[in-house]
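S.K.: The following file, input_11.cif, comprises mmCIF, C-alpha atoms:
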data_final
#
loop_
_atom_site.label_atom_id
_atom_site.label_comp_id
_atom_site.auth_asym_id
_atom_site.auth_seq_id
_atom_site.Cartn_x
_atom_site.Cartn_y
_atom_site.Cartn_z
CA MET T 1 -8.96 -7.75 32.35
CA THR T 2 -6.64 -6.16 29.82
CA THR T 3 -3.17 -4.76 30.46
CA THR T 4 -4.52 -1.22 29.98
CA THR T 5 -6.85 -1.66 32.95
CA ALA T 6 -6.77 1.38 35.23
CA LEU T 7 -5.62 0.45 38.72
CA THR T 8 -5.93 4.01 40.03
CA GLU T 9 -6.31 7.47 38.58
CA HIS T 10 -2.67 7.68 37.44
CA PHE T 11 -1.55 4.05 37.08
CA THR T 12 -2.51 1.19 34.76
CA LEU T 13 -1.87 -2.52 34.93
CA GLU T 14 0.16 -2.17 31.71
CA GLU T 15 2.67 0.12 33.43
CA PHE T 16 3.38 -2.52 36.05
CA THR T 17 3.63 -5.49 33.68
CA ARG T 18 5.29 -4.26 30.48
CA SER T 19 8.78 -5.49 29.82
CA ASP T 20 10.93 -5.26 26.71
CA LYS T 21 12.96 -8.19 28.04
CA ALA T 22 9.83 -10.36 28.40
CA ARG T 23 8.72 -9.41 24.90
CA SER T 24 12.14 -10.17 23.38
CA LEU T 25 12.31 -13.55 25.14
CA SER T 26 8.61 -14.38 24.53
CA ILE T 27 7.95 -14.57 28.28
CA ASP T 28 4.31 -14.25 29.32
CA ASN T 29 4.37 -11.73 32.17
CA ALA T 30 0.59 -11.71 32.73
CA PRO T 31 -0.18 -11.60 36.46
CA ALA T 32 -2.58 -13.92 38.28
CA PRO T 33 -5.59 -12.30 40.03
CA ALA T 34 -3.83 -12.33 43.44
CA ILE T 35 -0.91 -10.44 41.89
CA VAL T 36 -3.29 -7.92 40.29
CA ALA T 37 -4.74 -7.29 43.76
CA ASN T 38 -1.22 -6.56 45.04
CA LEU T 39 -0.53 -4.30 42.06
CA ARG T 40 -3.72 -2.39 42.84
CA ARG T 41 -2.47 -1.88 46.43
CA LEU T 42 0.91 -0.78 45.07
CA ALA T 43 -0.73 1.66 42.64
CA LYS T 44 -2.78 3.15 45.51
CA PHE T 45 0.41 3.54 47.52
CA ASN T 46 2.10 5.15 44.51
CA GLU T 47 -0.70 7.72 44.41
CA LEU T 48 0.44 8.77 47.91
CA VAL T 49 4.05 8.83 46.69
CA ARG T 50 3.02 11.10 43.80
CA LEU T 51 1.42 13.50 46.28
CA GLU T 52 4.56 13.45 48.41
CA LEU T 53 6.53 14.33 45.27
CA GLY T 54 4.34 17.34 44.57
CA GLY T 55 2.20 15.54 42.00
CA ALA T 56 5.17 14.67 39.77
CA ALA T 57 4.49 11.86 37.31
CA MET T 58 6.24 8.60 38.08
CA VAL T 59 7.84 6.65 35.24
CA ILE T 60 7.62 2.96 36.12
CA SER T 61 10.56 1.05 34.65
CA SER T 62 9.83 -2.27 36.34
CA GLY T 63 6.88 -3.62 38.26
CA TYR T 64 5.58 -7.18 38.39
CA ARG T 65 7.98 -9.85 37.15
CA CYS T 66 6.98 -13.46 36.72
CA LEU T 67 9.65 -15.95 37.84
CA ALA T 68 11.04 -16.47 34.32
CA LEU T 69 11.35 -12.71 33.75
CA ASN T 70 12.86 -12.12 37.18
CA ARG T 71 15.52 -14.75 36.41
CA ALA T 72 16.13 -13.27 32.94
CA VAL T 73 16.85 -9.81 34.39
CA GLY T 74 18.97 -11.16 37.25
CA GLY T 75 16.47 -10.24 39.97
CA ALA T 76 16.84 -11.52 43.52
CA GLY T 77 15.07 -14.80 44.22
CA ASN T 78 13.06 -13.18 47.00
CA SER T 79 12.24 -9.99 45.07
CA ALA T 80 8.98 -8.25 45.97
CA HIS T 81 8.57 -7.75 42.19
CA LEU T 82 7.58 -11.45 42.02
CA ASP T 83 4.50 -10.76 44.13
CA GLY T 84 3.56 -7.40 42.58
CA LEU T 85 4.62 -5.58 45.73
CA ALA T 86 7.44 -3.45 44.28
CA CYS T 87 8.25 -1.14 41.43
CA ASP T 88 11.30 0.69 40.13
CA PHE T 89 10.71 4.26 38.99
CA THR T 90 11.95 7.77 38.40
CA ALA T 91 10.09 11.07 38.61
CA PRO T 92 12.09 13.47 36.45
CA ALA T 93 9.82 16.45 37.14
CA PHE T 94 10.53 16.07 40.86
CA GLY T 95 14.28 15.50 40.68
CA THR T 96 16.97 12.85 40.81
CA PRO T 97 16.40 9.38 42.24
CA MET T 98 18.49 10.44 45.26
CA ALA T 99 16.25 13.49 45.81
CA ILE T 100 13.20 11.22 45.56
CA CYS T 101 14.67 8.78 48.09
CA GLN T 102 15.54 11.60 50.48
CA ALA T 103 12.01 13.00 50.26
CA LEU T 104 10.38 9.61 50.81
CA ASP T 105 12.74 8.76 53.65
CA LYS T 106 11.63 11.96 55.44
CA SER T 107 7.94 11.37 54.66
CA TYR T 108 5.20 9.76 56.72
CA LEU T 109 4.78 6.98 54.12
CA GLN T 110 4.97 3.46 55.48
CA PHE T 111 6.86 1.65 52.72
CA ASP T 112 8.46 -1.72 53.27
CA GLN T 113 11.62 -1.00 51.32
CA LEU T 114 13.09 2.11 49.70
CA ILE T 115 16.24 1.51 47.70
CA TYR T 116 18.43 3.98 45.85
CA GLU T 117 19.78 1.78 43.05
CA ARG T 118 22.72 2.73 40.86
CA VAL T 119 23.82 -0.01 38.49
CA GLY T 120 26.17 0.81 35.64
CA GLY T 121 25.00 4.13 34.25
CA ALA T 122 21.37 3.65 35.31
CA VAL T 123 19.90 5.10 38.49
CA TRP T 124 16.40 4.55 39.84
CA VAL T 125 14.26 4.20 42.96
CA HIS T 126 13.00 0.81 44.11
CA LEU T 127 9.90 1.04 46.28
CA GLY T 128 8.25 -1.92 47.93
CA ILE T 129 5.18 -2.27 50.11
CA ALA T 130 4.59 -4.88 52.78
CA VAL T 131 2.48 -7.98 52.33
CA GLU T 132 -1.09 -7.18 53.34
CA GLY T 133 -1.49 -7.52 57.10
CA LYS T 134 2.26 -7.38 57.75
CA ALA T 135 3.94 -4.34 59.31
CA PRO T 136 6.15 -2.40 56.85
CA ARG T 137 9.85 -2.42 57.74
CA ARG T 138 10.54 1.08 56.40
CA GLN T 139 13.96 -0.21 55.33
CA VAL T 140 16.17 2.29 53.46
CA LEU T 141 19.10 0.94 51.41
CA THR T 142 21.57 1.84 48.70
CA ILE T 143 22.58 -0.72 46.08
CA ASP T 144 25.49 0.12 43.80
CA ASN T 145 28.83 -1.29 42.63
CA ARG T 146 29.98 -1.38 46.27
CA GLY T 147 27.12 -3.72 47.22
CA THR T 148 24.14 -3.19 49.48
CA ARG T 149 24.39 -0.70 52.33
CA ILE T 150 21.96 0.58 54.93
CA GLY T 151 20.89 4.19 54.35
CA LEU T 152 21.19 6.55 51.42
CA TRP T 153 24.64 6.98 49.88
CA SER T 154 25.33 9.08 46.83
#
Could you express the structure from this file as structure tokens?
M.R.:
Amino acid sequence: MTTTTALTEHFTLEEFTRSDKARSLSIDNAPAPAIVANLRRLAKFNELVRLELGGAAMVISSGYRCLALNRAVGGAGNSAHLDGLACDFTAPAFGTPMAICQALDKSYLQFDQLIYERVGGAVWVHLGIAVEGKAPRRQVLTIDNRGTRIGLWS
């Protein structure tokens, strides 16, 4: 399986595994087969997200992170990125990350975690799905320079 393997109609494995940080630090971010299965589930879920966003293309900025990469970028030790169950993205044709979060919060979609993240000058949406067989929490958070808070805060 190559990194350009199509997971769904609009998403490839490469989108969920590429990392400039991994490349610059010579970190192998190739996922194991179990992680690829999770990434395929995440890509299928993202197809539903795309529909909810009126078909707007999603720009994935972070997907799967192996442990070394997660540590290098300062990710949480329990990050769903480690298991291929989360991605960070924007959808410029739809609107701002806050508009995306508001739309997904009001949607029928059963995500595990939806986070409006604003760190420094960067802003993005973190979207996680539940482990297969586990009920999604549908947790909505904001993470910014004031910490982590429940709900969406601009």
S.K.: Taking into account all atoms listed in the file, which residue in the set T:Leu82, T:Val125, T:Leu7, T:Leu109 is nearest to Leu51 (chain T)?
M.R.: T:Leu109
S.K.: Would you mind reading off the distance between CA of Asp28 (chain T) and CA of Thr5 (chain T), one decimal, in Å?
M.R.: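 Between these atoms lies a distance of 17.2 Å.
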S.K.: Assuming the chain letters and numbering stay as they are in my file, what does the PyMOL selection byres ((chain T and resi 91) around 10) actually select? List them as a list in words.
M.R.: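 When the PyMOL selection byres ((chain T and resi 91) around 10) is applied, the selected residues are Arg50, Leu53, Gly55, Ala56, Ala57, Met58, Val59, Ile60, Phe89, Thr90, Pro92, Ala93, Phe94, Gly95, Thr96, Pro97, Ala99, Ile100, Trp124 and Val125 of chain T.
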S.K.: Write out as a JSON list (two decimals) with C-alpha atoms, keeping the file's coordinate frame which residues come within 10 Å of Val131 (chain T) when counting only C-alpha atoms, dropping same-chain ones fewer than 3 positions away.
M.R.:
[["chain", "number", "residue", "atom", "x", "y", "z"],
["T", 38, "ASN", "CA", -1.22, -6.56, 45.04],
["T", 41, "ARG", "CA", -2.47, -1.88, 46.43],
["T", 80, "ALA", "CA", 8.98, -8.25, 45.97],
["T", 83, "ASP", "CA", 4.50, -10.76, 44.13],
["T", 84, "GLY", "CA", 3.56, -7.40, 42.58],
["T", 85, "LEU", "CA", 4.62, -5.58, 45.73],
["T", 112, "ASP", "CA", 8.46, -1.72, 53.27],
["T", 128, "GLY", "CA", 8.25, -1.92, 47.93],
["T", 134, "LYS", "CA", 2.26, -7.38, 57.75],
["T", 135, "ALA", "CA", 3.94, -4.34, 59.31],
["T", 136, "PRO", "CA", 6.15, -2.40, 56.85]]
S.K.: Write out as a list in words each polymer residue whose atoms come within 6 Å of Leu114 (chain T), counting all atoms listed in the file; drop sequence neighbours fewer than 4 positions from it.
M.R.: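 Contacts, with the query itself left out: His126, Leu127 and Val140 of chain T.
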S.K.: For CA of Pro33 (chain T) and CA of Glu132 (chain T), determine how far apart the two atoms are, in Å to one decimal place.
M.R.: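 Distance reported for this atom pair: 15.0 Å.
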S.K.: How far is it from CA of Phe11 (chain T) to CA of Glu47 (chain T), in Å with one decimal?
M.R.: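 Pair CA of Phe11 (chain T) / CA of Glu47 (chain T) returns 8.2 Å.
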S.K.: When you count only C-alpha atoms, which of these residues is closest to Gly147 (chain T): T:Ala34, T:Ile129, T:Tyr116, T:Leu104?
M.R.: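 Checking each of T:Ala34, T:Ile129, T:Tyr116, T:Leu104 against Gly147 (chain T), counting only C-alpha atoms, the winner is T:Tyr116.
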S.K.: Quick one: residues within 7 Å of Arg138 (chain T), all atoms listed in the file, excluding same-chain residues fewer than 4 positions away - as a PyMOL selection string?
M.R.: chain T and resi 110-113
S.K.: Counting only C-alpha atoms, what is within 7 Å of Asn29 (chain T), bar same-chain residues fewer than 6 positions away, as a PyMOL selection string?
M.R.: chain T and resi 17+22+65-66
S.K.: Determine the nearest neighbour of Gly121 (chain T) from the options T:Asn78, T:Thr8, T:Asn70, T:Asn145, counting only C-alpha atoms.
M.R.: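 Of the candidates, the smallest distance to Gly121 (chain T) is held by T:Asn145.
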S.K.: Since fewer atoms than expected are present, regenerate N, CA and C atoms for region 13-26 of chain T and write them as an mmCIF file, keeping the file's coordinate frame.
M.R.:
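Produced file part31.cif, reproduced below:
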data_model
loop_
_atom_site.group_PDB
_atom_site.id
_atom_site.type_symbol
_atom_site.label_atom_id
_atom_site.label_comp_id
_atom_site.auth_asym_id
_atom_site.auth_seq_id
_atom_site.Cartn_x
_atom_site.Cartn_y
_atom_site.Cartn_z
ATOM 1 N N LEU T 13 -2.477 -1.196 34.806
ATOM 2 C CA LEU T 13 -1.870 -2.520 34.930
ATOM 3 C C LEU T 13 -0.716 -2.656 33.939
ATOM 4 N N GLU T 14 -0.877 -2.079 32.751
ATOM 5 C CA GLU T 14 0.160 -2.170 31.710
ATOM 6 C C GLU T 14 1.487 -1.598 32.192
ATOM 7 N N GLU T 15 1.433 -0.495 32.928
ATOM 8 C CA GLU T 15 2.670 0.120 33.430
ATOM 9 C C GLU T 15 3.456 -0.824 34.331
ATOM 10 N N PHE T 16 2.734 -1.639 35.070
ATOM 11 C CA PHE T 16 3.380 -2.520 36.050
ATOM 12 C C PHE T 16 3.730 -3.890 35.483
ATOM 13 N N THR T 17 3.355 -4.168 34.235
ATOM 14 C CA THR T 17 3.630 -5.490 33.680
ATOM 15 C C THR T 17 4.436 -5.467 32.389
ATOM 16 N N ARG T 18 4.565 -4.299 31.756
ATOM 17 C CA ARG T 18 5.290 -4.260 30.480
ATOM 18 C C ARG T 18 6.775 -4.527 30.718
ATOM 19 N N SER T 19 7.359 -5.178 29.730
ATOM 20 C CA SER T 19 8.780 -5.490 29.820
ATOM 21 C C SER T 19 9.319 -5.787 28.425
ATOM 22 N N ASP T 20 10.280 -4.994 27.994
ATOM 23 C CA ASP T 20 10.930 -5.260 26.710
ATOM 24 C C ASP T 20 11.637 -6.602 26.750
ATOM 25 N N LYS T 21 12.242 -6.923 27.887
ATOM 26 C CA LYS T 21 12.960 -8.190 28.040
ATOM 27 C C LYS T 21 11.989 -9.365 27.883
ATOM 28 N N ALA T 22 10.828 -9.288 28.531
ATOM 29 C CA ALA T 22 9.830 -10.360 28.400
ATOM 30 C C ALA T 22 9.392 -10.507 26.956
ATOM 31 N N ARG T 23 9.152 -9.376 26.305
ATOM 32 C CA ARG T 23 8.720 -9.410 24.900
ATOM 33 C C ARG T 23 9.804 -10.052 24.028
ATOM 34 N N SER T 24 11.060 -9.642 24.225
ATOM 35 C CA SER T 24 12.140 -10.170 23.380
ATOM 36 C C SER T 24 12.399 -11.652 23.609
ATOM 37 N N LEU T 25 12.100 -12.130 24.814
ATOM 38 C CA LEU T 25 12.310 -13.550 25.140
ATOM 39 C C LEU T 25 11.016 -14.362 25.068
ATOM 40 N N SER T 26 9.933 -13.735 24.612
ATOM 41 C CA SER T 26 8.610 -14.380 24.530
ATOM 42 C C SER T 26 8.174 -14.954 25.878
#
